[in-house]
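> data.cif is reproduced below (mmCIF, N, CA and C atoms).
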data_upload
loop_
_atom_site.group_PDB
_atom_site.id
_atom_site.type_symbol
_atom_site.label_atom_id
_atom_site.label_comp_id
_atom_site.auth_asym_id
_atom_site.auth_seq_id
_atom_site.Cartn_x
_atom_site.Cartn_y
_atom_site.Cartn_z
ATOM 1 N N MET A 610 0.841 -1.179 0.000
ATOM 2 C CA MET A 610 0.000 0.000 0.000
ATOM 3 C C MET A 610 0.889 1.246 0.000
ATOM 4 N N GLN A 611 0.545 2.213 -0.823
ATOM 5 C CA GLN A 611 1.328 3.430 -0.922
ATOM 6 C C GLN A 611 1.027 4.378 0.226
ATOM 7 N N LYS A 612 2.060 5.062 0.670
ATOM 8 C CA LYS A 612 1.892 6.104 1.675
ATOM 9 C C LYS A 612 1.277 7.320 0.990
ATOM 10 N N PRO A 613 0.620 8.195 1.755
ATOM 11 C CA PRO A 613 0.003 9.386 1.139
ATOM 12 C C PRO A 613 0.997 10.232 0.340
ATOM 13 N N GLU A 614 2.228 10.396 0.857
ATOM 14 C CA GLU A 614 3.203 11.197 0.117
ATOM 15 C C GLU A 614 3.618 10.526 -1.194
ATOM 16 N N GLU A 615 3.635 9.192 -1.221
ATOM 17 C CA GLU A 615 3.935 8.482 -2.460
ATOM 18 C C GLU A 615 2.815 8.690 -3.477
ATOM 19 N N LYS A 616 1.583 8.653 -3.018
ATOM 20 C CA LYS A 616 0.444 8.883 -3.908
ATOM 21 C C LYS A 616 0.511 10.285 -4.504
ATOM 22 N N HIS A 617 0.900 11.255 -3.662
ATOM 23 C CA HIS A 617 1.021 12.628 -4.135
ATOM 24 C C HIS A 617 2.099 12.725 -5.212
ATOM 25 N N LEU A 618 3.259 12.096 -4.975
ATOM 26 C CA LEU A 618 4.334 12.127 -5.971
ATOM 27 C C LEU A 618 3.906 11.454 -7.266
ATOM 28 N N MET A 619 3.240 10.326 -7.158
ATOM 29 C CA MET A 619 2.785 9.626 -8.359
ATOM 30 C C MET A 619 1.774 10.476 -9.118
ATOM 31 N N ALA A 620 0.917 11.175 -8.411
ATOM 32 C CA ALA A 620 -0.058 12.047 -9.065
ATOM 33 C C ALA A 620 0.653 13.170 -9.809
ATOM 34 N N GLN A 621 1.703 13.739 -9.190
ATOM 35 C CA GLN A 621 2.470 14.796 -9.853
ATOM 36 C C GLN A 621 3.130 14.267 -11.125
ATOM 37 N N ILE A 622 3.729 13.101 -11.030
ATOM 38 C CA ILE A 622 4.402 12.514 -12.185
ATOM 39 C C ILE A 622 3.401 12.218 -13.291
ATOM 40 N N SER A 623 2.251 11.646 -12.936
ATOM 41 C CA SER A 623 1.274 11.288 -13.966
ATOM 42 C C SER A 623 0.698 12.516 -14.654
ATOM 43 N N GLN A 624 0.649 13.642 -13.951
ATOM 44 C CA GLN A 624 0.162 14.874 -14.564
ATOM 45 C C GLN A 624 1.166 15.449 -15.560
ATOM 46 N N ASN A 625 2.424 15.115 -15.387
ATOM 47 C CA ASN A 625 3.482 15.666 -16.231
ATOM 48 C C ASN A 625 4.116 14.603 -17.122
ATOM 49 N N LEU A 626 3.319 13.651 -17.568
ATOM 50 C CA LEU A 626 3.856 12.586 -18.406
ATOM 51 C C LEU A 626 4.396 13.140 -19.716
ATOM 52 N N VAL A 627 5.459 12.528 -20.140
ATOM 53 C CA VAL A 627 6.097 12.867 -21.400
ATOM 54 C C VAL A 627 5.880 11.678 -22.319
ATOM 55 N N ALA A 628 5.666 11.940 -23.584
ATOM 56 C CA ALA A 628 5.485 10.840 -24.544
ATOM 57 C C ALA A 628 6.692 10.767 -25.463
ATOM 58 N N TYR A 629 7.101 9.543 -25.740
ATOM 59 C CA TYR A 629 8.166 9.275 -26.700
ATOM 60 C C TYR A 629 7.639 8.185 -27.613
ATOM 61 N N SER A 630 7.586 8.455 -28.890
ATOM 62 C CA SER A 630 7.008 7.506 -29.854
ATOM 63 C C SER A 630 5.599 7.097 -29.428
ATOM 64 N N ASN A 631 4.841 8.083 -28.988
ATOM 65 C CA ASN A 631 3.456 7.879 -28.554
ATOM 66 C C ASN A 631 3.309 6.959 -27.350
ATOM 67 N N GLU A 632 4.386 6.784 -26.573
ATOM 68 C CA GLU A 632 4.339 5.979 -25.356
ATOM 69 C C GLU A 632 4.680 6.873 -24.173
ATOM 70 N N PRO A 633 3.941 6.760 -23.072
ATOM 71 C CA PRO A 633 4.282 7.565 -21.898
ATOM 72 C C PRO A 633 5.596 7.082 -21.286
ATOM 73 N N VAL A 634 6.424 8.024 -20.886
ATOM 74 C CA VAL A 634 7.695 7.700 -20.247
ATOM 75 C C VAL A 634 7.863 8.553 -18.991
ATOM 76 N N VAL A 635 8.716 8.095 -18.108
ATOM 77 C CA VAL A 635 9.080 8.838 -16.914
ATOM 78 C C VAL A 635 10.493 9.345 -17.143
ATOM 79 N N THR A 636 10.699 10.630 -16.905
ATOM 80 C CA THR A 636 12.017 11.219 -17.144
ATOM 81 C C THR A 636 12.954 10.958 -15.969
ATOM 82 N N THR A 637 14.227 11.158 -16.225
ATOM 83 C CA THR A 637 15.231 11.027 -15.177
ATOM 84 C C THR A 637 14.928 11.983 -14.036
ATOM 85 N N SER A 638 14.512 13.173 -14.387
ATOM 86 C CA SER A 638 14.172 14.170 -13.375
ATOM 87 C C SER A 638 13.008 13.696 -12.504
ATOM 88 N N GLN A 639 11.992 13.130 -13.114
ATOM 89 C CA GLN A 639 10.842 12.626 -12.359
ATOM 90 C C GLN A 639 11.247 11.467 -11.447
ATOM 91 N N LEU A 640 12.106 10.585 -11.941
ATOM 92 C CA LEU A 640 12.588 9.487 -11.106
ATOM 93 C C LEU A 640 13.371 10.003 -9.913
ATOM 94 N N ALA A 641 14.210 10.999 -10.146
ATOM 95 C CA ALA A 641 15.007 11.579 -9.061
ATOM 96 C C ALA A 641 14.104 12.170 -7.985
ATOM 97 N N ILE A 642 13.059 12.843 -8.402
ATOM 98 C CA ILE A 642 12.108 13.410 -7.432
ATOM 99 C C ILE A 642 11.431 12.288 -6.651
ATOM 100 N N TYR A 643 10.976 11.276 -7.347
ATOM 101 C CA TYR A 643 10.265 10.167 -6.698
ATOM 102 C C TYR A 643 11.154 9.453 -5.680
ATOM 103 N N TYR A 644 12.419 9.201 -6.062
ATOM 104 C CA TYR A 644 13.339 8.479 -5.182
ATOM 105 C C TYR A 644 14.132 9.400 -4.263
ATOM 106 N N GLU A 645 13.820 10.695 -4.310
ATOM 107 C CA GLU A 645 14.480 11.683 -3.458
ATOM 108 C C GLU A 645 15.996 11.602 -3.568
ATOM 109 N N THR A 646 16.470 11.681 -4.791
ATOM 110 C CA THR A 646 17.890 11.648 -5.081
ATOM 111 C C THR A 646 18.168 12.637 -6.203
ATOM 112 N N THR A 647 19.352 12.548 -6.792
ATOM 113 C CA THR A 647 19.697 13.462 -7.877
ATOM 114 C C THR A 647 19.601 12.754 -9.222
ATOM 115 N N GLU A 648 19.525 13.547 -10.271
ATOM 116 C CA GLU A 648 19.509 12.983 -11.618
ATOM 117 C C GLU A 648 20.809 12.235 -11.903
ATOM 118 N N ASP A 649 21.930 12.730 -11.364
ATOM 119 C CA ASP A 649 23.219 12.056 -11.573
ATOM 120 C C ASP A 649 23.214 10.636 -11.015
ATOM 121 N N ILE A 650 22.621 10.455 -9.853
ATOM 122 C CA ILE A 650 22.555 9.118 -9.248
ATOM 123 C C ILE A 650 21.679 8.196 -10.089
ATOM 124 N N ILE A 651 20.564 8.699 -10.577
ATOM 125 C CA ILE A 651 19.681 7.897 -11.442
ATOM 126 C C ILE A 651 20.442 7.479 -12.695
ATOM 127 N N THR A 652 21.163 8.418 -13.306
ATOM 128 C CA THR A 652 21.935 8.135 -14.521
ATOM 129 C C THR A 652 23.028 7.111 -14.248
ATOM 130 N N GLN A 653 23.750 7.269 -13.140
ATOM 131 C CA GLN A 653 24.809 6.313 -12.785
ATOM 132 C C GLN A 653 24.225 4.917 -12.586
ATOM 133 N N ASN A 654 23.105 4.848 -11.896
ATOM 134 C CA ASN A 654 22.450 3.568 -11.653
ATOM 135 C C ASN A 654 22.043 2.906 -12.972
ATOM 136 N N PHE A 655 21.487 3.690 -13.878
ATOM 137 C CA PHE A 655 21.102 3.135 -15.181
ATOM 138 C C PHE A 655 22.324 2.593 -15.916
ATOM 139 N N ARG A 656 23.394 3.374 -15.968
ATOM 140 C CA ARG A 656 24.604 2.939 -16.677
ATOM 141 C C ARG A 656 25.171 1.655 -16.100
ATOM 142 N N ARG A 657 25.099 1.499 -14.790
ATOM 143 C CA ARG A 657 25.625 0.302 -14.140
ATOM 144 C C ARG A 657 24.733 -0.927 -14.367
ATOM 145 N N ASN A 658 23.485 -0.684 -14.763
ATOM 146 C CA ASN A 658 22.520 -1.783 -14.872
ATOM 147 C C ASN A 658 21.848 -1.871 -16.235
ATOM 148 N N LYS A 659 22.529 -1.384 -17.266
ATOM 149 C CA LYS A 659 21.935 -1.360 -18.616
ATOM 150 C C LYS A 659 21.398 -2.717 -19.047
ATOM 151 N N GLU A 660 22.072 -3.770 -18.647
ATOM 152 C CA GLU A 660 21.670 -5.103 -19.097
ATOM 153 C C GLU A 660 20.293 -5.512 -18.598
ATOM 154 N N HIS A 661 19.770 -4.828 -17.609
ATOM 155 C CA HIS A 661 18.446 -5.143 -17.067
ATOM 156 C C HIS A 661 17.305 -4.426 -17.786
ATOM 157 N N PHE A 662 17.654 -3.579 -18.746
ATOM 158 C CA PHE A 662 16.660 -2.813 -19.482
ATOM 159 C C PHE A 662 16.657 -3.250 -20.935
ATOM 160 N N GLU A 663 15.501 -3.161 -21.560
ATOM 161 C CA GLU A 663 15.449 -3.441 -22.991
ATOM 162 C C GLU A 663 14.810 -2.270 -23.709
ATOM 163 N N GLU A 664 15.364 -1.930 -24.836
ATOM 164 C CA GLU A 664 14.856 -0.817 -25.600
ATOM 165 C C GLU A 664 13.523 -1.173 -26.232
ATOM 166 N N GLY A 665 12.632 -0.189 -26.206
ATOM 167 C CA GLY A 665 11.326 -0.385 -26.832
ATOM 168 C C GLY A 665 10.371 -1.049 -25.912
#
I need this file expressed as structure tokens, please.


Amino acid sequence: MQKPEEKHLMAQISQNLVAYSNEPVVTTSQLAIYYETTEDIITQNFRRNKEHFEEG
């Protein structure tokens, strides 16, 4: 179950959805806000774990 502050963050993110190739995406900035960290940390984490993601 989500905490009230998590619901608020998710609502903010869903209101500001970005589309790429007609698909909704979450930006690095939005992830950083949600996880209460910096965009640099999100980027570093992605680079270290690229093999866990698939394009498209």

> As an exercise, work out the distance from atom C of Pro633 (chain A) to atom N of Lys659 (chain A) in Å and give it to one decimal place.

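Between atom C of Pro633 (chain A) and atom N of Lys659 (chain A) the gap works out to 19.4 Å.
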
> Compile the contact shell of Val635 (chain A) as a count of residues only: residues with an atom at most 8 Å away, counting all atoms listed in the file, same-chain residues fewer than 4 positions apart removed.

8

> As AutoDock Vina command-line options, please report the centre and edge lengths, rounded to one decimal in Å, of the axis-aligned box that holds all listed atoms of region 638-653 of chain A with 3 Å of padding on each of the six sides.


--center_x 17.5 --center_y 9.5 --center_z -9.0 --size_x 20.5 --size_y 15.3 --size_z 17.1

> Please compute the CA of Tyr643 (chain A)-CA of Asn658 (chain A) distance, one decimal, in Å.

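A separation of 19.0 Å between them.
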
> To one decimal in Å, tell me the separation between atom N of Ser630 (chain A) and CA of Glu664 (chain A).

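Spanning atom N of Ser630 (chain A) to CA of Glu664 (chain A) is a straight-line distance of 12.2 Å.
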
> Excluding same-chain residues fewer than 5 positions from Thr652 (chain A), what lies within 7 Å of it counting all atoms listed in the file, as an MDAnalysis selection string?

chainID A and resid 637 647 657
